[in-house]
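Trainee: Next up, protein-v5.pdb (PDB, C-alpha atoms and all ligand atoms).
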ATOM      1  CA  MET R1038       0.000   0.000   0.000
ATOM      2  CA  LEU R1039       1.066   3.559  -0.749
ATOM      3  CA  ALA R1040      -0.368   6.088   1.690
ATOM      4  CA  SER R1041       0.346   9.604   2.917
ATOM      5  CA  GLY R1042      -2.037  10.173   5.802
ATOM      6  CA  ARG R1043      -4.509   8.966   8.365
ATOM      7  CA  GLY R1044      -4.695   5.330   7.285
ATOM      8  CA  SER R1045      -8.369   4.496   7.771
ATOM      9  CA  ASN R1046      -8.441   2.645   4.446
ATOM     10  CA  PHE R1047      -5.324   0.750   5.482
ATOM     11  CA  LEU R1048      -7.045  -0.308   8.715
ATOM     12  CA  ALA R1049     -10.179  -1.421   6.851
ATOM     13  CA  LEU R1050      -8.157  -3.501   4.406
ATOM     14  CA  HIS R1051      -5.975  -4.948   7.125
ATOM     15  CA  ARG R1052      -9.001  -5.927   9.211
ATOM     16  CA  ALA R1053     -10.676  -7.645   6.253
ATOM     17  CA  ALA R1054      -7.491  -9.558   5.437
ATOM     18  CA  ALA R1055      -6.825 -10.501   9.071
ATOM     19  CA  GLN R1056     -10.399 -11.788   9.450
ATOM     20  CA  GLY R1057     -10.038 -13.869   6.288
ATOM     21  CA  ARG R1058     -12.802 -12.000   4.457
ATOM     22  CA  ILE R1059     -10.487 -11.452   1.474
ATOM     23  CA  PRO R1060      -7.564 -13.670   0.384
ATOM     24  CA  VAL R1061      -4.987 -10.926   0.786
ATOM     25  CA  ARG R1062      -1.779 -10.490   2.721
ATOM     26  CA  LEU R1063      -0.538  -6.962   3.283
ATOM     27  CA  VAL R1064       3.222  -7.005   2.837
ATOM     28  CA  GLY R1065       4.190  -3.374   3.293
ATOM     29  CA  VAL R1066       3.095   0.221   3.626
ATOM     30  CA  PHE R1067       5.109   2.898   1.843
ATOM     31  CA  SER R1068       4.824   6.632   2.296
ATOM     32  CA  ASP R1069       6.177   9.994   1.219
ATOM     33  CA  ARG R1070       5.458  11.384   4.703
ATOM     34  CA  PRO R1071       7.547  10.006   7.584
ATOM     35  CA  ALA R1072       5.048  11.411  10.123
ATOM     36  CA  ALA R1073       1.967   9.893   8.484
ATOM     37  CA  PRO R1074      -0.243   8.114  11.059
ATOM     38  CA  VAL R1075      -0.715   5.224   8.613
ATOM     39  CA  LEU R1076       2.890   4.163   9.259
ATOM     40  CA  ALA R1077       2.282   3.773  12.991
ATOM     41  CA  HIS R1078      -0.923   1.839  12.282
ATOM     42  CA  ALA R1079       1.010  -0.518  10.013
ATOM     43  CA  ARG R1080       3.793  -1.088  12.537
ATOM     44  CA  ASP R1081       1.204  -1.691  15.275
ATOM     45  CA  GLN R1082      -0.148  -4.499  13.103
ATOM     46  CA  GLY R1083       3.316  -5.927  12.464
ATOM     47  CA  ILE R1084       3.413  -4.824   8.842
ATOM     48  CA  PRO R1085       6.676  -3.325   7.525
ATOM     49  CA  ALA R1086       6.340   0.422   7.008
ATOM     50  CA  VAL R1087       8.756   2.520   4.987
ATOM     51  CA  ALA R1088       8.830   6.298   4.478
ATOM     52  CA  LEU R1089      11.113   8.257   2.192
ATOM     53  CA  SER R1090      11.213  12.066   2.105
ATOM     54  CA  PRO R1091      10.900  13.716  -1.303
ATOM     55  CA  ARG R1092      13.250  16.466  -0.131
ATOM     56  CA  ASP R1093      16.065  13.928   0.042
ATOM     57  CA  TYR R1094      15.859  13.432  -3.740
ATOM     58  CA  PRO R1095      16.741  15.846  -6.554
ATOM     59  CA  ASP R1096      13.449  15.510  -8.423
ATOM     60  CA  ARG R1097      10.161  13.627  -8.732
ATOM     61  CA  LEU R1098      11.595  10.923 -10.960
ATOM     62  CA  ALA R1099      14.424  10.115  -8.538
ATOM     63  CA  PHE R1100      12.040   9.978  -5.576
ATOM     64  CA  ASP R1101       9.470   7.837  -7.369
ATOM     65  CA  ARG R1102      12.144   5.427  -8.575
ATOM     66  CA  ALA R1103      13.512   5.089  -5.034
ATOM     67  CA  LEU R1104      10.100   4.560  -3.427
ATOM     68  CA  LEU R1105       8.875   2.104  -6.050
ATOM     69  CA  ALA R1106      12.159   0.180  -5.773
ATOM     70  CA  ARG R1107      11.366  -0.325  -2.101
ATOM     71  CA  VAL R1108       7.873  -1.466  -3.063
ATOM     72  CA  ALA R1109       9.253  -3.875  -5.691
ATOM     73  CA  ALA R1110      11.510  -5.419  -3.055
ATOM     74  CA  VAL R1111       8.469  -6.897  -1.263
ATOM     75  CA  GLN R1112       7.235  -8.372  -4.585
ATOM     76  CA  PRO R1113       3.593  -7.307  -4.359
ATOM     77  CA  ASP R1114       0.982  -8.755  -6.701
ATOM     78  CA  LEU R1115      -1.016  -5.547  -6.316
ATOM     79  CA  ILE R1116      -0.139  -2.003  -5.210
ATOM     80  CA  VAL R1117      -2.980  -0.132  -3.531
ATOM     81  CA  CYS R1118      -2.845   3.663  -3.302
ATOM     82  CA  ALA R1119      -5.019   4.714  -0.362
ATOM     83  CA  GLY R1120      -4.664   8.395   0.349
ATOM     84  CA  TYR R1121      -1.304   8.588  -1.403
ATOM     85  CA  MET R1122      -1.216  12.268  -2.249
ATOM     86  CA  ARG R1123       1.723  12.533  -4.658
ATOM     87  CA  ILE R1124       1.522  12.315  -8.408
ATOM     88  CA  ILE R1125       3.764   9.482  -9.614
ATOM     89  CA  ASP R1126       5.990   9.947 -12.659
ATOM     90  CA  GLY R1127       4.526   8.376 -15.792
ATOM     91  CA  THR R1128       7.665   6.483 -16.744
ATOM     92  CA  VAL R1129       7.745   4.872 -13.301
ATOM     93  CA  LEU R1130       4.054   3.983 -13.586
ATOM     94  CA  ALA R1131       4.171   2.527 -17.096
ATOM     95  CA  PRO R1132       5.392  -0.977 -16.179
ATOM     96  CA  LEU R1133       2.926  -1.122 -13.270
ATOM     97  CA  VAL R1134      -0.287  -0.391 -15.173
ATOM     98  CA  GLY R1135      -2.837  -3.045 -14.261
ATOM     99  CA  ARG R1136      -1.053  -3.863 -11.012
ATOM    100  CA  MET R1137      -1.684  -0.565  -9.208
ATOM    101  CA  ILE R1138      -5.071   0.775  -8.080
ATOM    102  CA  ASN R1139      -6.162   3.959  -6.328
ATOM    103  CA  ILE R1140      -9.153   4.932  -4.244
ATOM    104  CA  HIS R1141     -10.419   8.404  -5.070
ATOM    105  CA  PRO R1142     -13.158  10.290  -3.183
ATOM    106  CA  SER R1143     -15.494  11.113  -6.065
ATOM    107  CA  LEU R1144     -17.583   9.434  -8.731
ATOM    108  CA  LEU R1145     -14.994   9.543 -11.505
ATOM    109  CA  PRO R1146     -14.804  11.006 -14.090
ATOM    110  CA  ARG R1147     -16.353  13.784 -11.981
ATOM    111  CA  HIS R1148     -13.986  15.729  -9.734
ATOM    112  CA  ARG R1149     -10.534  14.430 -10.465
ATOM    113  CA  GLY R1150      -7.798  15.899  -8.261
ATOM    114  CA  LEU R1151      -8.224  17.599  -4.889
ATOM    115  CA  HIS R1152     -11.097  19.039  -2.785
ATOM    116  CA  THR R1153     -13.621  16.641  -4.277
ATOM    117  CA  HIS R1154     -16.264  17.033  -1.557
ATOM    118  CA  ARG R1155     -16.216  20.824  -1.755
ATOM    119  CA  ARG R1156     -16.454  20.673  -5.526
ATOM    120  CA  ALA R1157     -19.364  18.215  -5.440
ATOM    121  CA  LEU R1158     -21.239  20.601  -3.117
ATOM    122  CA  GLU R1159     -20.385  23.646  -5.241
ATOM    123  CA  ALA R1160     -21.554  21.838  -8.371
ATOM    124  CA  GLY R1161     -24.895  21.022  -6.745
ATOM    125  CA  ASP R1162     -24.371  17.272  -7.260
ATOM    126  CA  ARG R1163     -27.241  15.160  -5.917
ATOM    127  CA  GLU R1164     -24.982  12.092  -5.716
ATOM    128  CA  HIS R1165     -21.343  11.770  -4.737
ATOM    129  CA  GLY R1166     -19.124   8.896  -3.681
ATOM    130  CA  ALA R1167     -15.848   7.122  -4.241
ATOM    131  CA  SER R1168     -14.148   5.203  -7.033
ATOM    132  CA  VAL R1169     -11.468   2.534  -7.197
ATOM    133  CA  HIS R1170      -9.583   2.731 -10.465
ATOM    134  CA  VAL R1171      -6.546   1.380 -12.248
ATOM    135  CA  VAL R1172      -3.666   3.872 -12.007
ATOM    136  CA  THR R1173      -2.388   5.191 -15.318
ATOM    137  CA  ALA R1174      -0.272   8.226 -16.178
ATOM    138  CA  GLU R1175      -3.462  10.308 -16.482
ATOM    139  CA  LEU R1176      -4.264  11.677 -12.993
ATOM    140  CA  ASP R1177      -7.381   9.925 -11.620
ATOM    141  CA  GLY R1178      -8.089   8.963 -15.223
ATOM    142  CA  GLY R1179      -7.529   5.197 -15.386
ATOM    143  CA  PRO R1180     -10.306   2.648 -15.941
ATOM    144  CA  VAL R1181     -12.721   2.539 -12.998
ATOM    145  CA  ILE R1182     -13.250  -0.843 -11.339
ATOM    146  CA  ALA R1183     -16.008   0.026  -8.876
ATOM    147  CA  GLN R1184     -17.855   2.887  -7.247
ATOM    148  CA  ALA R1185     -19.824   3.543  -4.079
ATOM    149  CA  VAL R1186     -22.560   6.141  -4.344
ATOM    150  CA  VAL R1187     -23.864   8.278  -1.482
ATOM    151  CA  PRO R1188     -26.553  10.956  -1.533
ATOM    152  CA  VAL R1189     -25.748  14.606  -1.040
ATOM    153  CA  LEU R1190     -28.223  15.748   1.625
ATOM    154  CA  PRO R1191     -29.663  19.171   2.400
ATOM    155  CA  GLY R1192     -27.471  20.923   4.956
ATOM    156  CA  ASP R1193     -24.357  18.946   4.054
ATOM    157  CA  ASP R1194     -21.036  20.649   4.516
ATOM    158  CA  GLU R1195     -17.681  19.394   3.327
ATOM    159  CA  GLN R1196     -16.971  17.475   6.517
ATOM    160  CA  ARG R1197     -20.323  15.711   6.760
ATOM    161  CA  LEU R1198     -20.160  14.710   3.132
ATOM    162  CA  ALA R1199     -16.564  13.523   3.508
ATOM    163  CA  GLU R1200     -17.569  11.324   6.473
ATOM    164  CA  ARG R1201     -20.462   9.797   4.528
ATOM    165  CA  VAL R1202     -18.164   9.008   1.606
ATOM    166  CA  LEU R1203     -15.354   7.646   3.798
ATOM    167  CA  ALA R1204     -17.739   5.205   5.472
ATOM    168  CA  ARG R1205     -18.412   3.706   2.018
ATOM    169  CA  GLU R1206     -14.771   3.918   0.881
ATOM    170  CA  HIS R1207     -13.765   1.222   3.332
ATOM    171  CA  PRO R1208     -16.116  -1.520   2.074
ATOM    172  CA  LEU R1209     -15.518  -0.352  -1.500
ATOM    173  CA  LEU R1210     -11.770  -0.807  -1.178
ATOM    174  CA  VAL R1211     -12.137  -4.158   0.576
ATOM    175  CA  ALA R1212     -14.544  -5.467  -2.068
ATOM    176  CA  SER R1213     -12.415  -4.173  -4.946
ATOM    177  CA  VAL R1214      -9.166  -5.642  -3.644
ATOM    178  CA  GLY R1215     -11.014  -8.861  -2.860
ATOM    179  CA  ALA R1216     -12.358  -9.035  -6.426
ATOM    180  CA  LEU R1217      -8.866  -8.610  -7.845
ATOM    181  CA  ALA R1218      -7.391 -11.118  -5.394
ATOM    182  CA  THR R1219      -9.924 -13.806  -6.275
ATOM    183  CA  GLY R1220      -9.701 -13.085 -10.001
ATOM    184  CA  ALA R1221     -13.369 -12.065 -10.211
ATOM    185  CA  VAL R1222     -12.013  -8.841 -11.718
ATOM    186  CA  ARG R1223      -8.759  -8.862 -13.647
ATOM    187  CA  TRP R1224      -6.601  -6.763 -15.946
ATOM    188  CA  SER R1225      -5.709  -8.458 -19.209
ATOM    189  CA  ASP R1226      -4.878  -7.250 -22.738
ATOM    190  CA  GLY R1227      -4.854  -3.645 -21.529
ATOM    191  CA  ARG R1228      -8.360  -3.651 -20.084
ATOM    192  CA  LEU R1229     -10.496  -4.733 -17.142
ATOM    193  CA  TRP R1230     -12.525  -7.940 -17.207
ATOM    194  CA  CYS R1231     -15.254  -9.157 -14.888
ATOM    195  CA  GLY R1232     -15.645 -12.880 -15.336
ATOM    196  CA  GLU R1233     -15.411 -13.578 -19.077
ATOM    197  CA  ALA R1234     -16.789 -10.188 -20.142
ATOM    198  CA  PRO R1235     -15.038  -6.834 -20.500
ATOM    199  CA  LEU R1236     -15.881  -4.453 -17.675
ATOM    200  CA  ASP R1237     -17.380  -1.593 -19.652
ATOM    201  CA  ALA R1238     -18.962   0.280 -16.750
ATOM    202  CA  PRO R1239     -17.806   0.442 -13.124
ATOM    203  CA  LEU R1240     -19.239  -2.106 -10.711
ATOM    204  CA  ARG R1241     -21.431  -0.668  -7.947
ATOM    205  CA  LEU R1242     -21.119  -1.352  -4.226
ATOM    206  CA  ASP R1243     -24.563  -2.473  -3.064
ATOM    207  CA  ALA R1244     -26.120  -2.131   0.384
ATOM    208  CA  ASP R1245     -24.669  -5.521   1.382
ATOM    209  CA  ASP R1246     -21.160  -4.334   0.458
ATOM    210  CA  ARG R1247     -21.047  -6.541  -2.634
ATOM    211  CA  LEU R1248     -19.930  -5.431  -6.074
ATOM    212  CA  VAL R1249     -22.652  -5.725  -8.687
ATOM    213  CA  ARG R1250     -22.972  -4.731 -12.316
ATOM    214  CA  PRO R1251     -24.901  -1.434 -12.560
TER     215      PRO R1251
HETATM  216  C1  LIG R1301      -9.472   8.952   1.384
HETATM  217  O1  LIG R1301     -10.662   9.705   1.458
HETATM  218  C2  LIG R1301      -9.062   8.745  -0.058
HETATM  219  O2  LIG R1301     -10.146   8.558  -0.919
HETATM  220  C3  LIG R1301      -8.376  10.052  -0.343
HETATM  221  O3  LIG R1301      -7.611  10.309   0.806
HETATM  222  C4  LIG R1301      -8.297   9.771   1.930
HETATM  223  C5  LIG R1301      -7.345   8.908   2.710
HETATM  224  O4  LIG R1301      -7.931   8.533   3.938
HETATM  225  N1  LIG R1301      -7.533   9.944  -1.512
HETATM  226  C6  LIG R1301      -7.297  10.974  -2.324
HETATM  227  O5  LIG R1301      -7.772  12.079  -2.152
HETATM  228  C7  LIG R1301      -6.401  10.650  -3.491
HETATM  229  N2  LIG R1301      -6.344  11.739  -4.384
HETATM  230  P1  LIG R1301      -7.222   7.455   4.850
HETATM  231  O6  LIG R1301      -5.762   7.880   5.012
HETATM  232  O7  LIG R1301      -7.960   7.528   6.152
HETATM  233  O8  LIG R1301      -7.340   6.124   4.192
END
In structure tokens, how does this file's structure come out?
Mentor:
Amino acid sequence: MLASGRGSNFLALHRAAAQGRIPVRLVGVFSDRPAAPVLAHARDQGIPAVALSPRDYPDRLAFDRALLARVAAVQPDLIVCAGYMRIIDGTVLAPLVGRMINIHPSLLPRHRGLHTHRRALEAGDREHGASVHVVTAELDGGPVIAQAVVPVLPGDDEQRLAERVLAREHPLLVASVGALATGAVRWSDGRLWCGEAPLDAPLRLDADDRLVRP
């Protein structure tokens, strides 16, 4: 996992793996922020945690190469970005496409980038949510695996909306990683597949926290 912050998605994924709900073993957490709480959470759970500081490297490419070399050393089948807040150099990403996913707090393609909850409110969106997508060189632009939808309610502010989305991010990430781990969803020939059919539209997280075709 790559993460820069609080680590609630890490904890959700770790709990699901530890309880045997998904056939996943977390082998390392990697960060660009040595003080990120997610690192302490990982160490508390006995999972190796590594942080490198971008300021110790001459440029983005050098930092990304160094961090992803540390990731490669643990030989992950899948790299999960969960609140990793740095853009990764495209040349470093290229060989990883299909093996790296990201959770983003909006219904992509709406609201790529930052401040997604504020922008959903400003746009008057009636629905908002979160997406898990394949990471490509286009920021928040890779194929979307699955989404969780929440309503935007009268009186919502940024924080209330963020909390409602975050509560659905956790099961969304668990279900998405689980689907990739079991092979229910896979990346092959440069695209996503669900079973034997191409995944043309994102799966939806239903009320029972299962992924279903929309
Ligand atoms: C989550 O809301 C995630 O969707 C968002 O950061 C938060 C991390 O929370 N990611 C992005 O904004 C990526 N651009 P967490 O550290 O508690 O898992």
Trainee: For the interface of chain R with ligand LIG 1301 (chain R) (cut-off 8 Å, counting all atoms listed in the file), please tabulate each contacting residue of chain R alongside its nearest pair of atoms and their separation in Å to one decimal, rows sorted by chain and increasing number, as a Markdown table.
Mentor:
| residue | atom | partner | partner_atom | distance |
| --- | --- | --- | --- | --- |
| R:Ala1040 | CA | R:LIG1301 | O6 | 6.6 |
| R:Ser1041 | CA | R:LIG1301 | O6 | 6.7 |
| R:Gly1042 | CA | R:LIG1301 | O6 | 4.4 |
| R:Arg1043 | CA | R:LIG1301 | O6 | 3.7 |
| R:Gly1044 | CA | R:LIG1301 | O6 | 3.6 |
| R:Ser1045 | CA | R:LIG1301 | O7 | 3.5 |
| R:Asn1046 | CA | R:LIG1301 | O8 | 3.7 |
| R:Phe1047 | CA | R:LIG1301 | O8 | 5.9 |
| R:Leu1048 | CA | R:LIG1301 | O8 | 7.9 |
| R:Val1075 | CA | R:LIG1301 | O6 | 6.7 |
| R:Cys1118 | CA | R:LIG1301 | C7 | 7.8 |
| R:Ala1119 | CA | R:LIG1301 | O8 | 5.3 |
| R:Gly1120 | CA | R:LIG1301 | O3 | 3.5 |
| R:Tyr1121 | CA | R:LIG1301 | C7 | 5.9 |
| R:Met1122 | CA | R:LIG1301 | C7 | 5.6 |
| R:Asn1139 | CA | R:LIG1301 | C7 | 7.3 |
| R:Ile1140 | CA | R:LIG1301 | O2 | 5.0 |
| R:His1141 | CA | R:LIG1301 | O2 | 4.2 |
| R:Pro1142 | CA | R:LIG1301 | O2 | 4.1 |
| R:Ser1143 | CA | R:LIG1301 | O2 | 7.8 |
| R:Arg1149 | CA | R:LIG1301 | N2 | 7.9 |
| R:Gly1150 | CA | R:LIG1301 | N2 | 5.9 |
| R:Leu1151 | CA | R:LIG1301 | N2 | 6.2 |
| R:His1152 | CA | R:LIG1301 | O5 | 7.7 |
| R:Thr1153 | CA | R:LIG1301 | O5 | 7.7 |
| R:Ala1167 | CA | R:LIG1301 | O2 | 6.8 |
| R:Asp1177 | CA | R:LIG1301 | N2 | 7.5 |
| R:Ala1199 | CA | R:LIG1301 | O1 | 7.3 |
| R:Val1202 | CA | R:LIG1301 | O1 | 7.5 |
| R:Leu1203 | CA | R:LIG1301 | O1 | 5.6 |
| R:Glu1206 | CA | R:LIG1301 | O2 | 6.8 |
Trainee: Once the PyMOL selection byres (((chain R and resi 1082) around 12) and not hetatm) is applied to the coordinates I shared, what remains selected? I want it as number ranges by chain.
Mentor: R: 1047-1048, 1050-1052, 1054-1055, 1063-1066, 1075-1081, 1083-1086
Trainee: Using Å and a single decimal, report how far atom CA of Pro1071 of chain R sits from atom CA of Ala1088 of chain R.
Mentor: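 According to the coordinates, atom CA of Ala1088 of chain R and atom CA of Pro1071 of chain R are separated by 5.0 Å.
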Trainee: At a cut-off of 6 Å around the point (-18.7, 4.8, -5.5) (file coordinates), what residues fall inside when counting all atoms listed in the file? I'd like the answer as a PyMOL selection string.
Mentor: chain R and resi 1144+1166-1168+1184-1186
Trainee: Quick check, in Å to one decimal: how far apart do atom CA of Ile1182 of chain R and atom CA of Gly1161 of chain R lie?
Mentor: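 Atom-to-atom, atom CA of Ile1182 of chain R and atom CA of Gly1161 of chain R are spaced 25.2 Å apart.
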Trainee: Residue by residue, what does the PyMOL selection byres (((chain R and resi 1198) around 10) and not hetatm) grab here? Present the result as a list in words.
Mentor: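 That selection, the PyMOL selection byres (((chain R and resi 1198) around 10) and not hetatm), comes back as His1154, Arg1155, Ala1157, Leu1158, His1165, Gly1166, Val1187, Pro1188, Val1189, Leu1190, Gly1192, Asp1193, Asp1194, Glu1195, Gln1196, Arg1197, Ala1199, Glu1200, Arg1201, Val1202 and Leu1203 of chain R.
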Trainee: Go ahead and save the picked residues with C-alpha atoms, as a tab-separated table (two decimals), in the coordinates of the input.
Mentor:
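Writing the result to out_32.tsv gives the following:
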chain	number	residue	atom	x	y	z
R	1154	HIS	CA	-16.26	17.03	-1.56
R	1155	ARG	CA	-16.22	20.82	-1.76
R	1157	ALA	CA	-19.36	18.22	-5.44
R	1158	LEU	CA	-21.24	20.60	-3.12
R	1165	HIS	CA	-21.34	11.77	-4.74
R	1166	GLY	CA	-19.12	8.90	-3.68
R	1187	VAL	CA	-23.86	8.28	-1.48
R	1188	PRO	CA	-26.55	10.96	-1.53
R	1189	VAL	CA	-25.75	14.61	-1.04
R	1190	LEU	CA	-28.22	15.75	1.62
R	1192	GLY	CA	-27.47	20.92	4.96
R	1193	ASP	CA	-24.36	18.95	4.05
R	1194	ASP	CA	-21.04	20.65	4.52
R	1195	GLU	CA	-17.68	19.39	3.33
R	1196	GLN	CA	-16.97	17.48	6.52
R	1197	ARG	CA	-20.32	15.71	6.76
R	1199	ALA	CA	-16.56	13.52	3.51
R	1200	GLU	CA	-17.57	11.32	6.47
R	1201	ARG	CA	-20.46	9.80	4.53
R	1202	VAL	CA	-18.16	9.01	1.61
R	1203	LEU	CA	-15.35	7.65	3.80
Trainee: Near Pro1208 of chain R, counting all atoms listed in the file, which residues have an atom at most 10 Å away, once you skip same-chain residues fewer than 6 positions from it, shown as number ranges by chain?
Mentor: R: 1046, 1049-1050, 1053, 1185, 1214, 1242-1243, 1245-1248
